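Here is the file start13.csv (CSV, C-alpha atoms).
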```csv
chain,number,residue,atom,x,y,z
A,60,MET,CA,0.0,0.0,0.0
A,61,HIS,CA,1.2,3.5,-0.8
A,62,TYR,CA,-0.2,7.1,-0.7
A,63,THR,CA,-2.0,8.6,-3.7
A,64,HIS,CA,-3.4,12.1,-3.5
A,65,GLY,CA,-2.8,12.0,0.2
A,66,GLU,CA,-4.6,8.7,0.9
A,67,PRO,CA,-3.3,5.2,1.5
A,68,SER,CA,-4.2,3.2,-1.6
A,69,PHE,CA,-4.0,-0.2,-3.3
A,70,ASN,CA,-2.7,-0.4,-6.8
A,71,LEU,CA,-3.5,-2.7,-9.8
A,72,THR,CA,-1.4,-2.4,-12.9
A,73,THR,CA,-1.8,-4.2,-16.2
A,74,ALA,CA,-0.7,-3.5,-19.8
A,75,GLU,CA,-4.0,-1.6,-20.4
A,76,LEU,CA,-4.4,0.5,-17.2
A,77,SER,CA,-3.1,1.4,-13.8
A,78,LEU,CA,-5.7,2.0,-11.0
A,79,GLU,CA,-5.6,3.2,-7.4
A,80,ILE,CA,-8.3,2.5,-4.9
A,81,THR,CA,-8.2,4.0,-1.4
A,82,ALA,CA,-8.2,1.7,1.7
A,83,ARG,CA,-10.4,4.2,3.5
A,84,ALA,CA,-13.8,4.6,1.8
A,85,GLY,CA,-12.8,2.5,-1.3
A,86,HIS,CA,-12.7,5.3,-3.8
A,87,LEU,CA,-11.4,4.4,-7.2
A,88,ALA,CA,-9.0,7.0,-8.7
A,89,PRO,CA,-6.8,7.9,-10.3
A,90,VAL,CA,-7.1,5.4,-13.2
A,91,VAL,CA,-4.7,5.8,-16.1
A,92,PHE,CA,-5.8,4.0,-19.2
A,93,HIS,CA,-3.0,3.2,-21.7
A,94,LEU,CA,-4.6,3.8,-25.1
A,95,THR,CA,-2.6,3.5,-28.4
A,96,GLY,CA,-0.2,6.5,-28.4
A,97,ARG,CA,-1.9,8.2,-25.5
A,98,ASP,CA,-2.7,7.9,-21.7
A,99,VAL,CA,-6.0,9.2,-20.4
A,100,SER,CA,-7.2,9.7,-16.8
A,101,PRO,CA,-10.9,10.6,-16.8
A,102,TYR,CA,-11.8,10.3,-13.1
A,103,ALA,CA,-11.9,13.3,-10.8
A,104,LEU,CA,-9.8,14.0,-7.7
A,105,ALA,CA,-11.1,16.5,-5.1
A,106,PRO,CA,-9.2,19.8,-5.3
A,107,TRP,CA,-8.3,19.5,-1.7
A,108,SER,CA,-6.1,17.1,0.3
A,109,PRO,CA,-7.6,14.5,2.7
A,110,THR,CA,-5.7,16.2,5.5
A,111,GLU,CA,-7.0,19.6,4.8
A,112,PHE,CA,-10.4,19.1,6.5
A,113,PRO,CA,-9.9,16.2,9.0
A,114,GLU,CA,-13.3,16.9,10.7
A,115,ILE,CA,-15.4,16.2,7.6
A,116,PRO,CA,-16.8,12.7,6.8
A,117,PRO,CA,-14.3,10.4,5.0
A,118,LEU,CA,-16.6,10.5,1.9
A,119,LEU,CA,-15.8,14.1,1.4
A,120,SER,CA,-12.2,14.0,2.7
A,121,VAL,CA,-11.3,11.3,0.2
A,122,LEU,CA,-13.7,12.3,-2.6
A,123,ARG,CA,-12.5,11.0,-6.0
A,124,GLY,CA,-13.4,8.7,-8.9
A,125,ASP,CA,-15.9,5.9,-8.3
A,126,PHE,CA,-17.2,4.5,-5.1
A,127,PHE,CA,-20.0,2.2,-3.9
A,128,CYS,CA,-22.9,3.6,-1.8
A,129,LEU,CA,-25.1,1.4,0.5
A,130,PRO,CA,-27.4,3.0,1.4
A,131,PHE,CA,-27.2,5.6,-1.3
A,132,GLY,CA,-27.4,9.0,0.4
A,133,GLY,CA,-27.0,7.4,3.8
A,134,GLN,CA,-29.5,6.9,6.6
A,135,THR,CA,-30.3,8.4,10.0
A,136,ASN,CA,-27.3,8.0,12.4
A,137,GLY,CA,-25.1,6.8,9.5
A,138,PRO,CA,-22.4,8.4,7.3
A,139,PRO,CA,-23.4,10.1,4.0
A,140,HIS,CA,-23.7,7.4,1.3
A,141,GLY,CA,-23.2,4.6,3.9
A,142,ASP,CA,-20.2,2.8,5.3
A,143,PRO,CA,-18.9,1.4,2.0
A,144,ALA,CA,-18.2,5.0,0.9
A,145,ASN,CA,-16.5,6.0,4.2
A,146,ALA,CA,-15.1,3.0,6.2
A,147,GLN,CA,-12.0,1.0,6.0
A,148,TRP,CA,-11.7,-1.7,3.3
A,149,ILE,CA,-9.5,-4.8,3.9
A,150,LEU,CA,-7.4,-6.4,1.1
A,151,ALA,CA,-8.8,-10.0,0.8
A,152,ALA,CA,-7.0,-11.2,-2.3
A,153,ARG,CA,-5.3,-10.0,-5.5
A,154,ASP,CA,-3.6,-11.4,-8.6
A,155,ASP,CA,-2.3,-10.0,-11.9
A,156,ARG,CA,-5.7,-9.1,-13.2
A,157,SER,CA,-7.9,-8.3,-10.1
A,158,ILE,CA,-8.0,-6.9,-6.6
A,159,HIS,CA,-10.5,-8.1,-3.9
A,160,LEU,CA,-11.5,-5.9,-0.9
A,161,THR,CA,-14.0,-6.6,1.9
A,162,LEU,CA,-15.9,-4.4,4.4
A,163,GLU,CA,-18.2,-5.0,7.3
A,164,ALA,CA,-20.7,-2.2,7.2
A,165,ALA,CA,-21.7,-1.1,10.7
A,166,ASP,CA,-24.7,1.0,9.5
A,167,SER,CA,-26.5,-1.7,7.5
A,168,GLY,CA,-24.9,-4.9,8.8
A,169,ALA,CA,-23.9,-5.9,5.3
A,170,HIS,CA,-20.8,-7.8,4.4
A,171,VAL,CA,-19.6,-6.2,1.1
A,172,ARG,CA,-17.0,-7.7,-1.2
A,173,LYS,CA,-15.5,-5.3,-3.8
A,174,ILE,CA,-13.9,-7.0,-6.9
A,175,LEU,CA,-12.2,-4.9,-9.5
A,176,SER,CA,-11.0,-7.0,-12.4
A,177,THR,CA,-9.5,-6.5,-15.9
A,178,ARG,CA,-9.4,-8.4,-19.2
A,179,ASP,CA,-6.5,-8.8,-21.6
A,180,GLY,CA,-6.8,-6.1,-24.3
A,181,HIS,CA,-9.7,-4.3,-22.7
A,182,HIS,CA,-9.4,-0.8,-21.5
A,183,ALA,CA,-12.0,-1.4,-18.9
A,184,ILE,CA,-12.7,-1.9,-15.2
A,185,TYR,CA,-15.1,-4.8,-14.4
A,186,SER,CA,-16.6,-3.7,-11.1
A,187,GLU,CA,-18.6,-6.1,-8.9
A,188,HIS,CA,-20.0,-5.7,-5.4
A,189,LEU,CA,-21.2,-8.8,-3.6
A,190,ILE,CA,-23.7,-7.9,-0.8
A,191,SER,CA,-24.6,-10.5,1.9
A,192,ASN,CA,-25.8,-10.6,5.5
A,193,VAL,CA,-28.2,-7.8,5.2
A,194,SER,CA,-32.0,-7.8,5.6
A,195,GLY,CA,-34.6,-5.3,4.4
A,196,ASP,CA,-35.1,-2.7,1.7
A,197,PHE,CA,-32.1,-0.6,0.8
A,198,ASN,CA,-31.1,1.8,-1.9
A,199,TYR,CA,-27.6,1.7,-3.4
A,200,GLY,CA,-25.4,2.8,-6.3
A,201,ASN,CA,-22.1,3.3,-8.0
A,202,HIS,CA,-20.9,6.9,-8.0
A,203,PRO,CA,-18.3,7.7,-10.8
A,204,ILE,CA,-17.2,11.3,-10.9
A,205,LEU,CA,-15.5,12.5,-14.1
A,206,ASP,CA,-13.3,15.6,-14.4
A,207,LEU,CA,-14.1,17.8,-17.5
A,208,SER,CA,-12.6,21.0,-16.0
A,209,HIS,CA,-9.8,21.0,-18.6
A,210,LEU,CA,-12.2,21.1,-21.5
A,211,PRO,CA,-13.5,24.3,-23.2
A,212,THR,CA,-17.0,25.3,-22.3
A,213,ASP,CA,-19.7,23.1,-23.8
A,214,SER,CA,-17.2,20.9,-25.6
A,215,GLY,CA,-17.8,17.6,-23.7
A,216,ARG,CA,-20.8,15.5,-24.7
A,217,ILE,CA,-22.9,13.5,-22.2
A,218,THR,CA,-25.6,11.0,-23.3
A,219,THR,CA,-27.3,7.9,-22.0
A,220,SER,CA,-29.4,5.0,-23.4
A,221,PRO,CA,-33.1,5.8,-23.8
A,222,PHE,CA,-35.0,6.7,-20.7
A,223,ARG,CA,-38.7,6.5,-19.8
A,224,TRP,CA,-38.9,9.1,-17.0
A,225,ALA,CA,-36.7,12.0,-16.0
A,226,SER,CA,-36.8,14.9,-13.6
A,227,VAL,CA,-34.7,17.6,-12.0
A,228,TYR,CA,-34.3,17.0,-8.3
A,229,PRO,CA,-37.6,18.1,-6.7
A,230,GLY,CA,-37.3,21.2,-4.6
A,231,GLN,CA,-33.9,22.8,-3.8
A,232,PHE,CA,-30.9,20.7,-4.5
A,233,ALA,CA,-28.4,23.5,-3.7
A,234,ASN,CA,-28.7,25.1,-0.3
A,235,PRO,CA,-28.7,29.0,-0.5
A,236,ALA,CA,-28.2,29.2,3.3
A,237,GLU,CA,-24.7,27.7,2.7
A,238,GLY,CA,-24.0,29.9,-0.3
A,239,GLU,CA,-25.0,27.2,-2.9
A,240,THR,CA,-26.8,27.9,-6.1
A,241,GLN,CA,-28.5,25.8,-8.8
A,242,ALA,CA,-29.4,26.5,-12.4
A,243,LEU,CA,-32.2,24.1,-13.1
A,244,ALA,CA,-35.9,24.3,-12.2
A,245,GLY,CA,-36.5,22.1,-9.2
A,246,GLY,CA,-38.9,19.2,-9.9
A,247,SER,CA,-39.1,19.9,-13.6
A,248,ALA,CA,-39.8,16.8,-15.8
A,249,PHE,CA,-38.2,16.4,-19.2
A,250,THR,CA,-38.0,14.0,-22.1
A,251,ASP,CA,-34.8,15.2,-23.7
A,252,LEU,CA,-31.4,15.9,-22.0
A,253,SER,CA,-30.9,18.8,-24.5
A,254,GLU,CA,-33.9,20.7,-23.3
A,255,VAL,CA,-34.2,21.0,-19.5
A,256,ASN,CA,-36.0,23.9,-17.8
A,257,LEU,CA,-33.9,26.6,-16.1
A,258,ALA,CA,-35.0,28.1,-12.8
A,259,ASN,CA,-34.9,31.6,-14.3
A,260,GLY,CA,-36.8,30.6,-17.4
A,261,GLY,CA,-35.8,29.1,-20.7
A,262,THR,CA,-34.1,25.8,-21.2
A,263,THR,CA,-30.5,24.4,-21.2
A,264,ASP,CA,-28.7,21.5,-22.9
A,265,LEU,CA,-27.4,19.0,-20.3
A,266,THR,CA,-25.6,17.0,-23.0
A,267,ARG,CA,-23.0,19.8,-23.3
A,268,TYR,CA,-20.5,20.3,-20.5
A,269,PRO,CA,-18.8,22.0,-18.7
A,270,SER,CA,-21.5,24.6,-18.6
A,271,ARG,CA,-23.6,26.7,-16.1
A,272,ILE,CA,-20.5,27.6,-14.1
A,273,GLY,CA,-21.2,28.5,-10.4
A,274,HIS,CA,-24.1,26.0,-10.0
A,275,GLU,CA,-24.8,22.6,-8.5
A,276,ASP,CA,-27.6,20.5,-10.0
A,277,LEU,CA,-29.0,17.0,-10.0
A,278,VAL,CA,-31.2,15.1,-12.4
A,279,MET,CA,-32.5,11.5,-12.5
A,280,LEU,CA,-33.1,9.4,-15.5
A,281,VAL,CA,-34.9,6.0,-15.4
A,282,ASN,CA,-33.6,3.8,-18.1
A,283,GLU,CA,-35.7,1.7,-20.5
A,284,PRO,CA,-35.6,-2.1,-19.6
A,285,ALA,CA,-33.1,-4.3,-21.3
A,286,ASN,CA,-34.3,-6.6,-24.1
A,287,ASP,CA,-32.8,-9.2,-26.5
A,288,ASP,CA,-31.7,-6.4,-28.9
A,289,GLN,CA,-30.4,-4.1,-26.2
A,290,PRO,CA,-29.2,-6.3,-23.3
A,291,PHE,CA,-27.7,-3.5,-21.2
A,292,ALA,CA,-28.1,0.2,-20.5
A,293,TRP,CA,-25.3,2.7,-20.9
A,294,SER,CA,-24.0,6.1,-20.2
A,295,ALA,CA,-21.3,7.9,-22.2
A,296,VAL,CA,-19.1,11.0,-22.1
A,297,VAL,CA,-17.1,12.2,-25.1
A,298,LEU,CA,-14.0,14.2,-24.0
A,299,ASP,CA,-11.0,15.4,-26.0
A,300,GLY,CA,-10.3,12.6,-28.5
A,301,TYR,CA,-11.6,9.8,-26.4
A,302,LEU,CA,-14.8,8.7,-24.7
A,303,TRP,CA,-15.6,7.1,-21.3
A,304,PHE,CA,-18.6,4.8,-21.1
A,305,ALA,CA,-20.4,2.6,-18.6
A,306,LEU,CA,-22.6,-0.5,-19.1
A,307,LYS,CA,-25.1,-1.9,-16.6
A,308,ASN,CA,-28.1,-4.1,-16.1
A,309,PRO,CA,-31.1,-1.7,-15.6
A,310,ALA,CA,-32.8,-4.3,-13.5
A,311,ASP,CA,-30.1,-3.9,-10.9
A,312,PHE,CA,-29.5,-0.1,-11.5
A,313,PRO,CA,-32.8,1.3,-12.8
A,314,SER,CA,-31.7,4.9,-12.8
A,315,THR,CA,-28.9,7.2,-13.7
A,316,LEU,CA,-28.2,10.4,-11.6
A,317,LEU,CA,-26.3,13.2,-13.2
A,318,TRP,CA,-24.6,15.3,-10.4
A,319,ILE,CA,-23.5,18.4,-12.2
A,320,SER,CA,-20.9,20.1,-10.0
A,321,ASN,CA,-19.5,23.3,-11.4
A,322,GLY,CA,-18.5,25.5,-8.6
A,323,GLY,CA,-21.9,26.1,-7.0
A,324,ARG,CA,-20.8,25.1,-3.4
A,325,THR,CA,-18.9,27.9,-1.7
A,326,ALA,CA,-18.6,26.5,1.9
A,327,ALA,CA,-15.6,24.3,3.0
A,328,PRO,CA,-14.3,22.0,1.7
A,329,TRP,CA,-15.7,23.0,-1.7
A,330,ASN,CA,-14.8,26.7,-1.7
A,331,ALA,CA,-16.2,27.1,-5.2
A,332,ARG,CA,-13.3,25.1,-6.6
A,333,HIS,CA,-15.1,21.8,-7.5
A,334,LEU,CA,-15.3,22.8,-11.1
A,335,GLY,CA,-16.2,20.9,-14.3
A,336,ARG,CA,-17.0,17.7,-12.4
A,337,ILE,CA,-19.9,15.4,-13.3
A,338,GLY,CA,-21.2,12.4,-11.4
A,339,ILE,CA,-22.6,9.7,-13.7
A,340,GLU,CA,-24.2,7.7,-10.9
A,341,GLU,CA,-25.9,4.3,-11.6
A,342,VAL,CA,-28.4,3.8,-8.8
A,343,CYS,CA,-31.5,2.1,-7.4
A,344,SER,CA,-32.6,5.1,-5.3
A,345,TYR,CA,-34.9,8.1,-5.1
A,346,PHE,CA,-32.5,10.8,-6.2
A,347,CYS,CA,-29.9,11.2,-3.3
A,348,ASP,CA,-32.3,11.6,-0.4
A,349,GLY,CA,-31.3,8.5,1.6
A,350,VAL,CA,-32.8,5.2,2.4
A,351,GLU,CA,-35.7,6.4,4.5
A,352,ILE,CA,-37.1,8.4,1.7
A,353,SER,CA,-36.3,5.8,-0.9
A,354,ARG,CA,-38.4,3.3,1.1
A,355,GLU,CA,-41.4,5.6,0.7
A,356,ASN,CA,-41.6,4.4,-3.0
A,357,ARG,CA,-42.5,7.9,-4.2
A,358,LEU,CA,-42.3,6.8,-7.8
A,359,SER,CA,-44.4,3.7,-7.5
A,360,ALA,CA,-47.1,5.2,-9.7
A,361,HIS,CA,-44.5,5.1,-12.5
A,362,SER,CA,-43.4,1.5,-11.6
A,363,ILE,CA,-40.0,2.8,-10.8
A,364,PRO,CA,-38.2,0.9,-8.0
A,365,THR,CA,-36.2,3.0,-5.5
A,366,THR,CA,-35.0,0.2,-3.2
A,367,ARG,CA,-34.2,-3.5,-3.5
A,368,HIS,CA,-35.2,-6.1,-0.9
A,369,PHE,CA,-32.2,-8.0,0.5
A,370,ASN,CA,-32.5,-11.4,2.3
A,371,PRO,CA,-29.8,-12.2,4.9
A,372,ASP,CA,-29.2,-15.7,3.5
A,373,GLU,CA,-28.6,-14.6,-0.1
A,374,THR,CA,-25.7,-12.9,-1.9
A,375,VAL,CA,-26.6,-10.1,-4.4
A,376,SER,CA,-24.1,-9.3,-7.2
A,377,LEU,CA,-24.1,-5.8,-8.5
A,378,ARG,CA,-22.0,-5.3,-11.6
A,379,ILE,CA,-20.9,-2.4,-13.8
A,380,VAL,CA,-18.3,-2.0,-16.5
A,381,GLN,CA,-16.5,1.3,-17.0
A,382,ALA,CA,-14.3,1.8,-20.0
A,383,VAL,CA,-12.6,4.2,-22.4
A,384,ALA,CA,-11.8,4.2,-26.1
A,385,LEU,CA,-10.2,6.5,-28.6
A,386,THR,CA,-12.5,8.4,-31.0
A,387,PRO,CA,-11.8,9.6,-34.5
A,388,GLU,CA,-11.7,13.3,-35.4
A,389,GLY,CA,-15.2,14.8,-35.6
A,390,PHE,CA,-16.8,12.1,-33.4
A,391,GLY,CA,-19.9,13.6,-31.8
A,392,SER,CA,-22.3,12.6,-29.0
A,393,VAL,CA,-22.8,8.9,-28.5
A,394,ARG,CA,-26.3,7.8,-29.8
A,395,GLN,CA,-26.0,4.1,-29.4
A,396,ILE,CA,-24.0,1.3,-27.8
A,397,LYS,CA,-24.9,-2.2,-28.9
A,398,PRO,CA,-23.3,-5.6,-28.8
A,399,ALA,CA,-21.0,-6.3,-31.8
A,400,ALA,CA,-19.9,-9.8,-30.6
A,401,HIS,CA,-19.6,-11.7,-27.4
A,402,SER,CA,-16.6,-9.5,-26.4
A,403,ALA,CA,-17.2,-6.2,-28.3
A,404,VAL,CA,-19.6,-3.4,-28.7
A,405,THR,CA,-20.3,-1.0,-31.5
A,406,ILE,CA,-20.5,2.7,-30.4
A,407,THR,CA,-22.3,5.0,-32.9
A,408,ASP,CA,-22.3,8.8,-32.7
A,409,GLU,CA,-24.9,11.4,-33.8
A,410,PHE,CA,-23.3,11.6,-37.3
A,411,GLY,CA,-23.3,7.8,-37.9
A,412,HIS,CA,-19.6,7.3,-37.2
A,413,GLU,CA,-18.9,3.9,-35.6
A,414,ILE,CA,-16.1,2.5,-33.5
A,415,VAL,CA,-15.9,-1.1,-32.3
A,416,VAL,CA,-14.5,-1.5,-28.7
A,417,ALA,CA,-13.3,-4.7,-27.1
A,418,ILE,CA,-15.5,-5.2,-24.0
A,419,ASP,CA,-17.2,-8.2,-22.3
A,420,TRP,CA,-20.7,-6.8,-22.2
A,421,THR,CA,-22.0,-10.2,-21.0
A,422,PHE,CA,-20.5,-9.3,-17.6
A,423,VAL,CA,-23.6,-7.1,-16.9
A,424,ALA,CA,-26.2,-8.6,-19.3
```
So that I can check it, write out the structure of this file as structure tokens.
Amino acid sequence: MHYTHGEPSFNLTTAELSLEITARAGHLAPVVFHLTGRDVSPYALAPWSPTEFPEIPPLLSVLRGDFFCLPFGGQTNGPPHGDPANAQWILAARDDRSIHLTLEAADSGAHVRKILSTRDGHHAIYSEHLISNVSGDFNYGNHPILDLSHLPTDSGRITTSPFRWASVYPGQFANPAEGETQALAGGSAFTDLSEVNLANGGTTDLTRYPSRIGHEDLVMLVNEPANDDQPFAWSAVVLDGYLWFALKNPADFPSTLLWISNGGRTAAPWNARHLGRIGIEEVCSYFCDGVEISRENRLSAHSIPTTRHFNPDETVSLRIVQAVALTPEGFGSVRQIKPAAHSAVTITDEFGHEIVVAIDWTFVA
């Protein structure tokens, strides 16, 4: 174990990538992907050191990359986003292609096993969380945060697979009493990411980022179910000459949250310096409001699950793939990601350009 961005971390290095995962809180970043002729590192690191604010929850002190949340948002008398996003993980096993960590969650009672694995020739992280020894209805999610702060305004492109319901966070996501501001109209439903209502009137295009500097916003999209033709749901971000994408089973992660963090929080530790970040969070939850509210099933009229029932005598596997690929010049917003073969997908942009990427999509299907 060694220190990375001020935090003790485990490392996994292969020909395709090098990743760091913190022992405290289990946050994944940085990850350097070794693409042909170029290294890329899409995951965000907090613009503060973990030692800068020792009094804040580990979630915020460590904040970086991707982490697992159970319960998502947390619960009364528990840390934000649950023990897996805050507590100490133990190294259980490792080999040349994978690393296995375990955690006993005091807040939920769950035994959680985190397995990060790789494949020969794949610029991808195969992420699995095995949940056991927990009883009841809980919300959960993976919480990738990408850093687009180095890109020109509106030059990044953010898209997802088709969704059947979508809304801005109801009410006030940003807290004006703490100097926070938001741009979007609270509770506003939408059918197109490129046309979402602004609080001050008009609309904005959420597929273009970084944008709306000085604001913090949250939206939730409920993915269409998988089928034989489209056996997974996806999210994608086109950056400068490459793209990042994630694949999931929408039966496990029904919704995608976009946490749009562009300097709208001025209190410590943020100090208006968390700029150009975006969370592409795959969840089973009611927004980020915690397990008690998720258990209220506020979206039951739309047949949208916001919790999952866990039995203490079963082990639940929650899997996501996160990957990168080079894009040709002029590649636009991703419009489609579909299976190309057993271990490949075809990614198509808005102009009809296609790239084929080596990925084992059956990991989530």
(request) Would you list the contacts of segment 207-219 of chain A as JSON, numbers by chain, taking every protein, DNA or RNA residue within 10 Å and counting all atoms listed in the file, but skipping same-chain residues closer than 5 positions in sequence? (result) {"A": [101, 102, 103, 252, 253, 264, 265, 266, 267, 268, 269, 270, 271, 272, 280, 282, 292, 293, 294, 295, 296, 297, 298, 299, 302, 303, 304, 305, 315, 317, 321, 333, 334, 335, 336, 337, 339, 391, 392, 393, 394, 395, 396]}
(message) Measuring between only C-alpha atoms, which one of A:Thr405, A:Thr421, A:Ser247, A:Asn198 shows the shortest distance to Cys343 of chain A?
(response) A:Asn198
(message) Which residue is closest to Val255 of chain A? Choose from A:Gln231, A:Asn192, A:Ser226, A:Asn286 and count only C-alpha atoms.
(response) A:Ser226
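Residue nearest Ala310 of chain A within the list A:Ala233, A:Val342, A:Ile414, A:Leu76: A:Val342 [criterion: smallest interatomic distance, all atoms listed in the file].
Interatomic distance, atom CA of Asn145 of chain A to atom CA of Leu189 of chain A: 17.4 Å.
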(request) Name the residues, using the chain letters and numbers of the file, that sit within 6 Å of (-26.4, 16.5, -13.9) when counting all atoms listed in the file, and give them as a PyMOL selection string. (result) chain A and resi 276-278+317-319
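Note that the spacing between atom CA of Gly141 of chain A and atom CA of Val423 of chain A amounts to 23.9 Å.
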